[in-house]
file data24.cif (mmCIF, C-alpha atoms)
data_protein
loop_
_atom_site.label_atom_id
_atom_site.label_comp_id
_atom_site.auth_asym_id
_atom_site.auth_seq_id
_atom_site.Cartn_x
_atom_site.Cartn_y
_atom_site.Cartn_z
CA MET A 1 2.23 93.39 122.24
CA PRO A 2 1.75 97.04 123.21
CA ARG A 3 -1.66 98.48 122.58
CA GLY A 4 -2.55 102.08 121.96
CA PRO A 5 -0.42 105.19 121.81
CA LEU A 6 0.91 104.73 125.36
CA GLY A 7 2.13 101.23 124.61
CA VAL A 8 3.83 102.35 121.41
CA TRP A 9 5.56 105.21 123.24
CA ARG A 10 6.82 102.87 125.99
CA ALA A 11 8.10 100.40 123.44
CA ALA A 12 9.93 103.15 121.54
CA ARG A 13 11.44 104.42 124.79
CA ARG A 14 12.73 100.96 125.72
CA ARG A 15 14.23 100.58 122.25
CA ARG A 16 15.99 103.94 122.52
CA ARG A 17 17.38 102.99 125.95
CA ALA A 18 18.65 99.69 124.58
CA GLU A 19 20.28 101.44 121.62
CA ARG A 20 21.95 104.03 123.90
CA ALA A 21 23.21 101.25 126.17
CA GLU A 22 24.65 99.39 123.17
CA VAL A 23 26.34 102.56 121.93
CA ARG A 24 27.88 103.11 125.36
CA ARG A 25 29.16 99.51 125.49
CA PHE A 26 30.68 99.82 122.01
CA THR A 27 32.25 103.20 122.84
CA ALA A 28 33.71 101.84 126.08
CA ARG A 29 35.29 98.87 124.27
CA ALA A 30 36.74 101.21 121.63
CA ARG A 31 38.17 103.47 124.36
CA ARG A 32 39.73 100.48 126.13
CA ARG A 33 41.30 99.25 122.89
CA ARG A 34 42.61 102.74 122.14
CA ILE A 35 44.10 103.07 125.62
CA ILE A 36 45.75 99.65 125.38
CA TRP A 37 47.14 100.49 121.92
CA LEU A 38 48.48 103.86 123.07
CA CYS A 39 50.06 102.31 126.17
CA GLY A 40 51.74 99.65 124.03
CA LEU A 41 53.00 102.23 121.58
CA GLY A 42 54.33 104.34 124.41
CA ALA A 43 56.14 101.37 125.92
CA VAL A 44 57.77 100.54 122.58
CA ALA A 45 58.79 104.17 122.13
CA LEU A 46 60.34 104.23 125.60
CA VAL A 47 62.29 101.04 124.86
CA VAL A 48 63.56 102.46 121.55
CA VAL A 49 64.52 105.79 123.05
CA GLY A 50 66.20 104.08 125.98
CA THR A 51 68.11 101.67 123.74
CA VAL A 52 69.28 104.40 121.37
CA GLY A 53 70.20 106.65 124.26
CA ALA A 54 72.21 103.89 125.90
CA ALA A 55 73.94 102.97 122.61
CA TYR A 56 75.14 106.55 122.15
CA SER A 57 76.18 106.91 125.77
CA PRO A 58 79.53 106.06 127.43
CA LEU A 59 77.98 102.72 128.36
CA PHE A 60 78.90 101.56 124.83
CA ALA A 61 82.12 103.52 124.33
CA VAL A 62 85.13 101.90 122.62
CA GLU A 63 87.59 100.64 125.21
CA ARG A 64 89.37 97.98 123.17
CA ILE A 65 90.44 97.72 119.51
CA ASP A 66 91.21 94.20 118.28
CA ILE A 67 93.14 93.69 115.03
CA VAL A 68 92.43 90.28 113.49
CA GLY A 69 94.40 88.81 110.58
CA ALA A 70 97.72 90.59 111.09
CA GLU A 71 100.67 88.35 110.27
CA SER A 72 103.45 90.43 108.76
CA LEU A 73 102.05 93.58 110.36
CA ASP A 74 102.27 94.31 114.06
CA ALA A 75 98.71 94.26 115.41
CA GLU A 76 99.53 96.69 118.23
CA THR A 77 100.94 99.22 115.78
CA VAL A 78 97.80 99.05 113.64
CA ALA A 79 95.58 99.38 116.72
CA GLY A 80 97.65 102.35 117.89
CA ALA A 81 96.97 104.14 114.61
CA LEU A 82 93.24 103.93 115.38
CA GLU A 83 93.44 105.27 118.92
CA ASP A 84 91.31 108.32 117.99
CA GLN A 85 88.31 105.95 118.03
CA MET A 86 88.87 105.14 121.70
CA GLY A 87 86.17 106.52 123.97
CA ARG A 88 83.65 107.02 121.18
CA PRO A 89 80.24 105.34 121.38
CA LEU A 90 80.27 102.37 118.99
CA PRO A 91 77.59 103.87 116.69
CA LEU A 92 79.75 107.01 116.29
CA VAL A 93 82.92 105.21 115.20
CA ASP A 94 84.17 107.07 112.10
CA GLU A 95 84.93 104.52 109.38
CA SER A 96 86.27 107.22 107.04
CA GLU A 97 88.92 108.06 109.65
CA ILE A 98 89.73 104.36 110.02
CA LYS A 99 90.15 104.06 106.25
CA ALA A 100 92.47 107.09 106.16
CA GLU A 101 94.65 105.65 108.93
CA LEU A 102 94.85 102.17 107.39
CA LEU A 103 96.02 103.61 104.06
CA ALA A 104 99.35 104.16 105.80
CA PHE A 105 99.80 100.36 105.85
CA PRO A 106 100.38 99.23 102.23
CA LEU A 107 100.38 95.58 103.34
CA ILE A 108 96.64 95.80 104.06
CA GLU A 109 94.67 94.69 101.00
CA THR A 110 91.15 94.72 102.47
CA TYR A 111 89.58 95.23 105.88
CA SER A 112 86.23 95.22 107.65
CA VAL A 113 85.07 96.89 110.87
CA GLU A 114 82.79 95.19 113.39
CA SER A 115 81.25 96.48 116.61
CA ASN A 116 81.19 94.02 119.49
CA PRO A 117 79.19 95.65 122.32
CA PRO A 118 79.63 96.86 124.88
CA HIS A 119 83.21 98.11 124.39
CA GLU A 120 85.06 96.24 121.62
CA LEU A 121 85.85 97.39 118.07
CA VAL A 122 87.12 94.60 115.80
CA VAL A 123 89.07 95.37 112.62
CA ARG A 124 89.62 92.33 110.40
CA ILE A 125 92.37 92.77 107.83
CA VAL A 126 93.60 90.75 104.87
CA GLU A 127 97.25 91.33 104.10
CA ARG A 128 98.66 91.55 100.62
CA THR A 129 100.75 88.57 99.53
CA PRO A 130 104.18 89.48 98.12
CA VAL A 131 104.88 87.59 94.89
CA ALA A 132 107.94 89.23 93.31
CA VAL A 133 110.53 91.98 93.53
CA VAL A 134 111.76 94.57 91.05
CA ALA A 135 115.25 96.01 91.08
CA SER A 136 115.94 99.75 90.91
CA ASP A 137 118.54 102.25 92.06
CA ALA A 138 116.71 102.34 95.40
CA GLY A 139 117.15 98.60 95.92
CA PHE A 140 114.67 95.75 95.69
CA THR A 141 110.99 96.61 95.98
CA THR A 142 108.58 93.86 97.00
CA LEU A 143 105.29 93.78 95.07
CA ASP A 144 102.01 91.93 95.38
CA ALA A 145 100.23 90.38 92.40
CA ALA A 146 98.54 93.69 91.58
CA GLY A 147 101.88 95.50 91.43
CA VAL A 148 101.37 97.36 94.72
CA PRO A 149 104.76 98.15 96.32
CA LEU A 150 105.01 96.79 99.85
CA ALA A 151 108.58 97.43 100.99
CA THR A 152 112.06 98.27 99.67
CA SER A 153 115.30 96.74 100.89
CA ALA A 154 118.96 96.81 99.93
CA GLN A 155 119.07 93.05 99.44
CA GLN A 156 116.72 90.85 97.43
CA PRO A 157 114.34 89.09 99.83
CA GLU A 158 114.71 85.32 99.86
CA GLY A 159 111.98 83.23 98.29
CA LEU A 160 110.72 85.92 95.91
CA PRO A 161 111.59 85.96 92.19
CA LEU A 162 112.96 88.94 90.34
CA ALA A 163 110.39 90.41 87.91
CA GLU A 164 111.63 91.72 84.57
CA VAL A 165 108.47 93.10 82.99
CA GLU A 166 108.03 95.72 80.28
CA GLY A 167 105.93 98.63 81.43
CA GLY A 168 106.72 98.13 85.09
CA PRO A 169 104.47 97.06 87.97
CA SER A 170 101.45 99.02 86.70
CA SER A 171 101.40 97.29 83.31
CA GLU A 172 99.06 94.57 82.08
CA ALA A 173 102.12 92.40 81.54
CA PHE A 174 102.95 92.54 85.24
CA ALA A 175 99.32 91.81 86.16
CA ALA A 176 99.54 88.62 84.05
CA ALA A 177 102.89 87.67 85.59
CA GLY A 178 101.51 88.26 89.08
CA GLN A 179 98.47 86.12 88.33
CA VAL A 180 100.71 83.31 87.12
CA LEU A 181 102.82 83.46 90.28
CA ARG A 182 99.70 83.42 92.49
CA SER A 183 98.35 80.38 90.64
CA LEU A 184 101.47 78.22 90.77
CA PRO A 185 101.62 75.45 93.41
CA ALA A 186 103.72 76.49 96.39
CA ASP A 187 106.42 73.90 95.68
CA VAL A 188 106.89 75.34 92.17
CA ALA A 189 106.50 79.02 93.08
CA VAL A 190 109.41 78.89 95.54
CA ARG A 191 111.65 77.55 92.73
CA VAL A 192 111.00 80.53 90.42
CA ALA A 193 114.15 82.67 90.18
CA THR A 194 113.09 85.19 87.55
CA ILE A 195 109.78 85.93 85.82
CA ARG A 196 109.53 87.86 82.54
CA ALA A 197 106.79 89.32 80.36
CA SER A 198 106.61 91.89 77.60
CA THR A 199 102.85 91.42 77.06
CA PRO A 200 100.11 89.63 79.01
CA ASP A 201 100.43 86.67 76.64
CA ASP A 202 104.14 85.86 76.83
CA VAL A 203 104.88 85.18 80.48
CA SER A 204 107.91 82.97 81.12
CA PHE A 205 110.00 82.16 84.15
CA ASP A 206 113.32 80.57 85.04
CA LEU A 207 113.51 77.88 87.70
CA THR A 208 116.39 77.35 90.08
CA ASP A 209 116.38 73.72 88.94
CA GLY A 210 118.83 72.45 86.38
CA GLY A 211 120.94 75.57 86.23
CA GLY A 212 118.01 77.84 85.40
CA VAL A 213 115.68 75.89 83.12
CA ARG A 214 113.08 78.17 81.47
CA VAL A 215 109.33 77.62 81.44
CA VAL A 216 107.42 79.36 78.65
CA TRP A 217 103.96 79.84 80.13
CA GLY A 218 102.17 82.17 77.74
CA SER A 219 99.02 83.85 79.09
CA ALA A 220 97.68 83.51 82.62
CA SER A 221 94.79 81.31 81.47
CA ASP A 222 94.41 77.51 81.70
CA THR A 223 96.59 77.30 84.80
CA ALA A 224 95.49 73.83 85.93
CA GLU A 225 95.99 72.30 82.47
CA LYS A 226 99.40 73.92 81.99
CA MET A 227 100.55 72.82 85.42
CA SER A 228 99.47 69.24 84.73
CA VAL A 229 101.42 69.23 81.43
CA LEU A 230 104.47 70.80 83.12
CA GLU A 231 104.53 68.23 85.92
CA ALA A 232 104.32 65.47 83.32
CA GLY A 233 107.27 67.12 81.57
CA PHE A 234 109.25 67.18 84.82
CA ARG A 235 108.71 63.44 85.18
CA ALA A 236 109.53 62.56 81.58
CA ASN A 237 112.40 65.03 81.18
CA PRO A 238 113.72 66.17 84.58
CA PRO A 239 115.20 69.68 84.90
CA GLY A 240 118.88 69.46 84.04
CA THR A 241 118.25 67.22 81.06
CA VAL A 242 116.52 70.00 79.11
CA SER A 243 116.82 73.79 79.01
CA MET A 244 113.20 74.72 78.30
CA TYR A 245 109.60 73.60 78.82
CA ASP A 246 106.95 75.27 76.68
CA VAL A 247 103.37 74.90 77.97
CA SER A 248 101.94 78.00 76.31
CA SER A 249 99.56 75.69 74.44
CA ALA A 250 97.85 74.06 77.38
CA ASP A 251 97.43 70.62 75.78
CA VAL A 252 100.92 70.39 74.23
CA LEU A 253 104.36 70.16 75.84
CA VAL A 254 107.41 71.29 73.93
CA VAL A 255 110.85 70.70 75.44
CA GLY A 256 114.15 71.99 74.24
#
call {"tool": "encode", "arguments": {"input": "data24.cif", "output": "structure tokens"}}
result
Amino acid sequence: MPRGPLGVWRAARRRRRAERAEVRRFTARARRRRIIWLCGLGAVALVVVGTVGAAYSPLFAVERIDIVGAESLDAETVAGALEDQMGRPLPLVDESEIKAELLAFPLIETYSVESNPPHELVVRIVERTPVAVVASDAGFTTLDAAGVPLATSAQQPEGLPLAEVEGGPSSEAFAAAGQVLRSLPADVAVRVATIRASTPDDVSFDLTDGGGVRVVWGSASDTAEKMSVLEAGFRANPPGTVSMYDVSSADVLVVG
């Protein structure tokens, strides 16, 4: 225990030295942490800058365009329409240009674009499904279920029914007829010779069976129930023995 003024002064001096030493230790630790943090941040920044720079460089330029999903379309023709994207860094591929080029192919219903580094651009397409044809002075125009024209030919394509719909392909009546054709089982759809509708609620079609037996379908709703009733009608009264099946009321079969 210090005694007298000299002892008190020495004790105070030792305390001040200890406090200064502690401050220096704390400051040194803070500086080390700051240096480590700044070095880490700098390293991350370098990695980001390097990665972005590489991605936008010729190291990741498009050298190959793959078209996936083309069946009726020629994949090479579609890829050729997108050749302006060749040589571009993958992040700079212009999807608006791709969309504009693909509009020239009416068979394409939807598409998606994927980048597959380092050099591949993948375009996945879903083609429209033709369901019917309409006759005009120009010939026979193939349509999908939405009424989109796909092609025109002088002869009626085999396997597609003739659509006789009021209001034409852009009408609600055609949309209902197209939905009915899309919902029919394949073994029934291929037997449809002609489909008719004046409104969305009075769809009917003629089958190739039995000399053209007619099926009155009604609206496009309750497809599964109507198909079940129709198949039961086929078994009980085969086509050729009747001229009409009416399944417009899904739970009732009327034959004539």
call {"tool": "resolve_selection", "arguments": {"input": "data24.cif", "expression": "the PyMOL selection byres ((chain A and resi 143) around 6)", "output": "list in words"}}
result
Pro130, Ala132, Val133, Thr142, Asp144, Gly147, Val148, Pro149 and Leu150 of chain A
call {"tool": "closest_residue", "arguments": {"input": "data24.cif", "among": "A:Leu90, A:Ala146, A:Ala197, A:Ile65", "to": "Thr77 of chain A", "atoms": "all atoms listed in the file"}}
result
A:Ile65
call {"tool": "residues_around", "arguments": {"input": "data24.cif", "residues": "Leu181 of chain A", "least_positions_apart": "5", "cutoff": "12 Å", "atoms": "all atoms listed in the file", "output": "VMD selection string"}}
result
chain A and resid 129 to 133 143 to 146 160 to 163 174 to 176 186 to 196 203 to 205 217 219 to 220 223 227
call {"tool": "write_last_selection", "arguments": {"input": "data24.cif", "atoms": "C-alpha atoms", "output": "CSV table (one decimal), in the coordinates of the input"}}
result
chain,number,residue,atom,x,y,z
A,129,THR,CA,100.8,88.6,99.5
A,130,PRO,CA,104.2,89.5,98.1
A,131,VAL,CA,104.9,87.6,94.9
A,132,ALA,CA,107.9,89.2,93.3
A,133,VAL,CA,110.5,92.0,93.5
A,143,LEU,CA,105.3,93.8,95.1
A,144,ASP,CA,102.0,91.9,95.4
A,145,ALA,CA,100.2,90.4,92.4
A,146,ALA,CA,98.5,93.7,91.6
A,160,LEU,CA,110.7,85.9,95.9
A,161,PRO,CA,111.6,86.0,92.2
A,162,LEU,CA,113.0,88.9,90.3
A,163,ALA,CA,110.4,90.4,87.9
A,174,PHE,CA,103.0,92.5,85.2
A,175,ALA,CA,99.3,91.8,86.2
A,176,ALA,CA,99.5,88.6,84.0
A,186,ALA,CA,103.7,76.5,96.4
A,187,ASP,CA,106.4,73.9,95.7
A,188,VAL,CA,106.9,75.3,92.2
A,189,ALA,CA,106.5,79.0,93.1
A,190,VAL,CA,109.4,78.9,95.5
A,191,ARG,CA,111.6,77.6,92.7
A,192,VAL,CA,111.0,80.5,90.4
A,193,ALA,CA,114.2,82.7,90.2
A,194,THR,CA,113.1,85.2,87.6
A,195,ILE,CA,109.8,85.9,85.8
A,196,ARG,CA,109.5,87.9,82.5
A,203,VAL,CA,104.9,85.2,80.5
A,204,SER,CA,107.9,83.0,81.1
A,205,PHE,CA,110.0,82.2,84.2
A,217,TRP,CA,104.0,79.8,80.1
A,219,SER,CA,99.0,83.8,79.1
A,220,ALA,CA,97.7,83.5,82.6
A,223,THR,CA,96.6,77.3,84.8
A,227,MET,CA,100.6,72.8,85.4
call {"tool": "closest_residue", "arguments": {"input": "data24.cif", "among": "A:Ile67, A:Leu207, A:Val165, A:Val254", "to": "Ala81 of chain A", "atoms": "all atoms listed in the file"}}
result
A:Ile67
call {"tool": "closest_residue", "arguments": {"input": "data24.cif", "among": "A:Glu127, A:Gly211, A:Val216, A:Ser228", "to": "Tyr245 of chain A", "atoms": "all atoms listed in the file"}}
result
A:Val216
call {"tool": "atom_distance", "arguments": {"input": "data24.cif", "atom1": "atom CA of Gly159 of chain A", "atom2": "atom CA of Glu172 of chain A"}}
result
23.6 Å
call {"tool": "resolve_selection", "arguments": {"input": "data24.cif", "expression": "the PyMOL selection byres ((chain A and resi 121) around 12)", "output": "number ranges by chain"}}
result
A: 60-68, 79, 82-83, 85-95, 98, 112-120, 122-124
call {"tool": "resolve_selection", "arguments": {"input": "data24.cif", "expression": "the PyMOL selection byres ((chain A and resi 156) around 8)", "output": "number ranges by chain"}}
result
A: 133, 139-140, 153-155, 157-158, 160
call {"tool": "atom_distance", "arguments": {"input": "data24.cif", "atom1": "atom CA of Glu231 of chain A", "atom2": "atom CA of Pro200 of chain A"}}
result
22.9 Å
call {"tool": "atom_distance", "arguments": {"input": "data24.cif", "atom1": "atom CA of Ser221 of chain A", "atom2": "atom CA of Pro106 of chain A"}}
result
28.0 Å
call {"tool": "residues_around", "arguments": {"input": "data24.cif", "residues": "Asp222 of chain A", "least_positions_apart": "4", "cutoff": "10 Å", "atoms": "all atoms listed in the file", "output": "ChimeraX atom specification"}}
result
/A:217-218,226-227,248-251
call {"tool": "write_last_selection", "arguments": {"input": "data24.cif", "atoms": "C-alpha atoms", "output": "JSON list (two decimals), keeping the file's coordinate frame"}}
result
[["chain", "number", "residue", "atom", "x", "y", "z"],
["A", 217, "TRP", "CA", 103.96, 79.84, 80.13],
["A", 218, "GLY", "CA", 102.17, 82.17, 77.74],
["A", 226, "LYS", "CA", 99.40, 73.92, 81.99],
["A", 227, "MET", "CA", 100.55, 72.82, 85.42],
["A", 248, "SER", "CA", 101.94, 78.00, 76.31],
["A", 249, "SER", "CA", 99.56, 75.69, 74.44],
["A", 250, "ALA", "CA", 97.85, 74.06, 77.38],
["A", 251, "ASP", "CA", 97.43, 70.62, 75.78]]
call {"tool": "residues_near_point", "arguments": {"input": "data24.cif", "point": "(99.8, 99.7, 104.7)", "cutoff": "10 Å", "atoms": "only C-alpha atoms", "output": "PDB file with C-alpha atoms, keeping the file's coordinate frame"}}
result
ATOM      1  CA  LEU A  73     102.050  93.580 110.360  1.00  0.00           C
ATOM      2  CA  VAL A  78      97.800  99.050 113.640  1.00  0.00           C
ATOM      3  CA  GLU A 101      94.650 105.650 108.930  1.00  0.00           C
ATOM      4  CA  LEU A 102      94.850 102.170 107.390  1.00  0.00           C
ATOM      5  CA  LEU A 103      96.020 103.610 104.060  1.00  0.00           C
ATOM      6  CA  ALA A 104      99.350 104.160 105.800  1.00  0.00           C
ATOM      7  CA  PHE A 105      99.800 100.360 105.850  1.00  0.00           C
ATOM      8  CA  PRO A 106     100.380  99.230 102.230  1.00  0.00           C
ATOM      9  CA  LEU A 107     100.380  95.580 103.340  1.00  0.00           C
ATOM     10  CA  ILE A 108      96.640  95.800 104.060  1.00  0.00           C
ATOM     11  CA  GLU A 109      94.670  94.690 101.000  1.00  0.00           C
ATOM     12  CA  GLU A 127      97.250  91.330 104.100  1.00  0.00           C
ATOM     13  CA  ARG A 128      98.660  91.550 100.620  1.00  0.00           C
ATOM     14  CA  PRO A 149     104.760  98.150  96.320  1.00  0.00           C
ATOM     15  CA  LEU A 150     105.010  96.790  99.850  1.00  0.00           C
ATOM     16  CA  ALA A 151     108.580  97.430 100.990  1.00  0.00           C
TER      17      ALA A 151
END
call {"tool": "build_atoms", "arguments": {"input": "data24.cif", "residues": "segment 190-201 of chain A", "atoms": "all heavy atoms", "output": "short mmCIF file (atom, residue, chain, number, x, y, z; two decimals), keeping the file's coordinate frame"}}
result
data_model
loop_
_atom_site.label_atom_id
_atom_site.label_comp_id
_atom_site.auth_asym_id
_atom_site.auth_seq_id
_atom_site.Cartn_x
_atom_site.Cartn_y
_atom_site.Cartn_z
N VAL A 190 108.18 78.58 94.80
CA VAL A 190 109.41 78.89 95.54
C VAL A 190 110.66 78.60 94.72
O VAL A 190 111.76 79.02 95.09
CB VAL A 190 109.46 78.09 96.87
CG1 VAL A 190 108.33 78.50 97.79
CG2 VAL A 190 109.45 76.58 96.62
N ARG A 191 110.50 77.88 93.59
CA ARG A 191 111.65 77.55 92.73
C ARG A 191 111.81 78.54 91.57
O ARG A 191 112.73 78.39 90.77
CB ARG A 191 111.50 76.13 92.19
CG ARG A 191 111.61 75.06 93.27
CD ARG A 191 110.82 73.83 92.92
NE ARG A 191 111.15 73.24 91.64
CZ ARG A 191 110.42 72.28 91.04
NH1 ARG A 191 109.31 71.84 91.63
NH2 ARG A 191 110.79 71.79 89.88
N VAL A 192 110.91 79.54 91.50
CA VAL A 192 111.00 80.53 90.42
C VAL A 192 112.07 81.56 90.79
O VAL A 192 111.97 82.23 91.82
CB VAL A 192 109.64 81.22 90.18
CG1 VAL A 192 109.77 82.29 89.10
CG2 VAL A 192 108.59 80.19 89.78
N ALA A 193 113.07 81.71 89.93
CA ALA A 193 114.15 82.67 90.18
C ALA A 193 113.86 84.01 89.53
O ALA A 193 114.07 85.07 90.13
CB ALA A 193 115.47 82.11 89.67
N THR A 194 113.36 83.97 88.30
CA THR A 194 113.09 85.19 87.55
C THR A 194 111.82 84.98 86.73
O THR A 194 111.62 83.91 86.16
CB THR A 194 114.25 85.55 86.60
OG1 THR A 194 115.46 85.64 87.33
CG2 THR A 194 113.99 86.89 85.89
N ILE A 195 110.97 85.99 86.67
CA ILE A 195 109.78 85.93 85.82
C ILE A 195 109.82 87.10 84.86
O ILE A 195 110.21 88.21 85.23
CB ILE A 195 108.48 85.92 86.65
CG1 ILE A 195 107.28 85.64 85.74
CG2 ILE A 195 108.30 87.21 87.45
CD1 ILE A 195 106.02 85.22 86.50
N ARG A 196 109.44 86.84 83.58
CA ARG A 196 109.53 87.86 82.54
C ARG A 196 108.21 87.96 81.79
O ARG A 196 107.46 86.98 81.70
CB ARG A 196 110.64 87.52 81.55
CG ARG A 196 112.03 87.39 82.16
CD ARG A 196 113.06 87.00 81.11
NE ARG A 196 114.41 86.94 81.67
CZ ARG A 196 114.91 85.88 82.27
NH1 ARG A 196 114.16 84.77 82.38
NH2 ARG A 196 116.13 85.90 82.76
N ALA A 197 107.95 89.13 81.24
CA ALA A 197 106.79 89.32 80.36
C ALA A 197 106.93 90.66 79.66
O ALA A 197 107.30 91.66 80.27
CB ALA A 197 105.49 89.29 81.16
N SER A 198 106.66 90.64 78.34
CA SER A 198 106.61 91.89 77.60
C SER A 198 105.17 92.25 77.26
O SER A 198 104.85 93.40 77.00
CB SER A 198 107.44 91.80 76.31
OG SER A 198 106.99 90.72 75.51
N THR A 199 104.30 91.24 77.25
CA THR A 199 102.85 91.42 77.06
C THR A 199 102.15 90.44 77.99
O THR A 199 102.79 89.53 78.55
CB THR A 199 102.42 91.11 75.61
OG1 THR A 199 102.50 89.70 75.38
CG2 THR A 199 103.30 91.85 74.60
N PRO A 200 100.83 90.58 78.15
CA PRO A 200 100.11 89.63 79.01
C PRO A 200 100.10 88.21 78.49
O PRO A 200 99.75 87.28 79.22
CB PRO A 200 98.69 90.20 79.04
CG PRO A 200 98.83 91.64 78.70
CD PRO A 200 99.97 91.70 77.72
N ASP A 201 100.53 88.01 77.24
CA ASP A 201 100.43 86.67 76.64
C ASP A 201 101.76 85.96 76.50
O ASP A 201 101.82 84.85 75.92
CB ASP A 201 99.79 86.78 75.24
CG ASP A 201 98.37 87.31 75.31
OD1 ASP A 201 97.63 86.89 76.22
OD2 ASP A 201 98.01 88.16 74.47
#
